[in-house]
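> Dropping a structure here in structure tokens format, bear with me for questions.
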Amino acid sequence: MDQPINYALKNPTTITKMARGMLYLGIVIGILSLISGVLEYQLLSDFKNGIYTNEAQIMAAATRNDTRQWIIALINAIGFFVSVIIILMWTFRMNNNAHALGAADMEFTPGGSIGWYFIPVAYLWKPYQAMKELWMASKSHSAWKNNSTPSILPLWWFIWLISIPVQFMSSKLLDKAETINEIITVNIISLVSDLLNISLCLAFLYIVTKINEMQTSLYSTSVGQVKGEHQIQSNDRQT
């Protein structure tokens, strides 16, 4: 028979601040990428409409654009990599604390709540189920399965699912793009991808904030109840 796991409550303050910070950074990078993409679209339109007639000007403008886009893409890639690590750490910590705060019979363990992101096919729905369960268990540990969840959760997951093929399409078309019209098409898809990434960061920022607030409130309530019980026991001994 498997022995029950004793989950120890761990302070989530630092990891939550880090997760929120990376999400804010993601929003900023997304906005910069969006602005840069719009500038690129304008440049491509100018090329298409023959605004630039001097070859030296064309090369200089294209080089400036490519350099700017490359720098933003590099920053975005680094930020994404760091964000993934921190957000997975946050998910692990908050799932652990949900168990520690008394939510019984949770389906997902801390390891499982992040492990499903790396399982082919199952990553399409299992991480969402784990996040939904985390939300419910963070709201209250007593009869937590009856707790409701907000519409932001399915919206967040929907944005995540559609952002994957959009980014894949952008990369594939970029490799094959040769004409100015094809490059403009890639640019437009990239702009859509930037909007999705910004929306994704905003949605998850709300989720991170609310789950942390709910667990903090639940912890404060639990501590208050324990103190009250100790006070009653102390009074009983005195009488």
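We name chains A, B, ... following the order of the structure tokens; residues begin at 1 in each chain, and ligands are numbered from 1 as shown.
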How close does each residue of segment 138-224 of chain A get to segment 106-114 of chain A, giving the shortest atom pair and distance in Å to one decimal for every residue with an atom at most 12 Å away, counting only C-alpha atoms, sorted by chain and residue number, as JSON lines?

```
{"residue": "A:Ser138", "atom": "CA", "partner": "A:Met106", "partner_atom": "CA", "distance": 11.3}
{"residue": "A:His141", "atom": "CA", "partner": "A:Met106", "partner_atom": "CA", "distance": 10.3}
{"residue": "A:Ala143", "atom": "CA", "partner": "A:Met106", "partner_atom": "CA", "distance": 11.3}
{"residue": "A:Trp144", "atom": "CA", "partner": "A:Met106", "partner_atom": "CA", "distance": 9.4}
{"residue": "A:Lys145", "atom": "CA", "partner": "A:Met106", "partner_atom": "CA", "distance": 8.9}
```
> Which residues, written as a list in words, have at least one atom at most 8 Å from segment 4-16 of chain A, with only C-alpha atoms counted and residues fewer than 5 positions away on the same chain left out?
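Residues meeting the cut-off are Ile86, Met89, Trp90, Arg93, Met94, Asn96, Asn97, His99, Ala100, Leu101, Val208, Thr209 and Asn212 of chain A.
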> Using C-alpha atoms, can you export the residues from the last selection as an mmCIF file, in the first residue's frame?

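Saved the output as part_21.cif:
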```cif
data_model
loop_
_atom_site.group_PDB
_atom_site.id
_atom_site.type_symbol
_atom_site.label_atom_id
_atom_site.label_comp_id
_atom_site.auth_asym_id
_atom_site.auth_seq_id
_atom_site.Cartn_x
_atom_site.Cartn_y
_atom_site.Cartn_z
ATOM 1 C CA ILE A 86 10.111 29.996 -13.678
ATOM 2 C CA MET A 89 8.642 26.178 -10.808
ATOM 3 C CA TRP A 90 5.683 28.342 -9.776
ATOM 4 C CA ARG A 93 5.228 25.185 -5.786
ATOM 5 C CA MET A 94 1.551 26.178 -5.865
ATOM 6 C CA ASN A 96 2.500 21.455 -3.567
ATOM 7 C CA ASN A 97 0.970 24.144 -1.348
ATOM 8 C CA HIS A 99 -1.883 19.712 -1.143
ATOM 9 C CA ALA A 100 -0.238 21.059 2.016
ATOM 10 C CA LEU A 101 -3.177 23.365 2.753
ATOM 11 C CA VAL A 208 -0.947 33.548 -11.260
ATOM 12 C CA THR A 209 -2.108 36.558 -9.260
ATOM 13 C CA ASN A 212 -1.516 33.253 -5.133
#
```
> From the list A:Cys201, A:Leu174, A:Ala137, A:Asn181, which residue is nearest Ile152 of chain A when using only C-alpha atoms?
A:Cys201
> If we count only C-alpha atoms and set the cut-off at 8 Å, which residues sit around Asn197 of chain A, ignoring sequence neighbours fewer than 3 positions away in its own chain? Please answer as a PyMOL selection string.
chain A and resi 26-27+30+163+193-194+200-201
> How about saving the chosen residues, N, CA and C atoms kept, as a compact mmCIF listing (two decimals), in the first residue's frame?

```txt
# COMPACT_ATOMS: atom_id res chain seq x y z
N GLY A 26 7.34 39.58 -20.61
CA GLY A 26 6.81 39.00 -21.84
C GLY A 26 5.86 39.94 -22.56
N ILE A 27 5.06 40.67 -21.78
CA ILE A 27 4.13 41.64 -22.37
C ILE A 27 4.91 42.77 -23.03
N GLY A 30 6.55 41.49 -26.12
CA GLY A 30 5.53 41.29 -27.13
C GLY A 30 5.12 42.58 -27.80
N SER A 163 -1.93 29.50 -30.47
CA SER A 163 -0.66 30.18 -30.70
C SER A 163 0.41 29.22 -31.23
N SER A 193 0.77 36.38 -34.21
CA SER A 193 1.46 35.63 -33.16
C SER A 193 1.84 36.52 -31.99
N ASP A 194 2.30 37.73 -32.28
CA ASP A 194 2.66 38.68 -31.21
C ASP A 194 1.43 39.05 -30.38
N LEU A 200 -1.76 35.95 -24.12
CA LEU A 200 -1.44 34.79 -23.29
C LEU A 200 -0.78 35.22 -21.99
N CYS A 201 0.16 36.16 -22.08
CA CYS A 201 0.82 36.66 -20.88
C CYS A 201 -0.16 37.37 -19.95
```
> Given only C-alpha atoms as the basis, pick out the residue of A:Met18, A:Leu34, A:Asn76, A:Ser83 nearest to Val192 of chain A.
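Closest to Val192 of chain A, using only C-alpha atoms: A:Leu34.
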> Please, what distance in Å, to one decimal, runs between atom CA of Leu195 of chain A and atom CA of Leu134 of chain A?
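Result for atom CA of Leu195 of chain A versus atom CA of Leu134 of chain A: 26.9 Å, one decimal.
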> A:Ile211, A:Leu43, A:Leu196, A:Ile51: which is nearest Arg64 of chain A, counting only C-alpha atoms?
A:Leu43
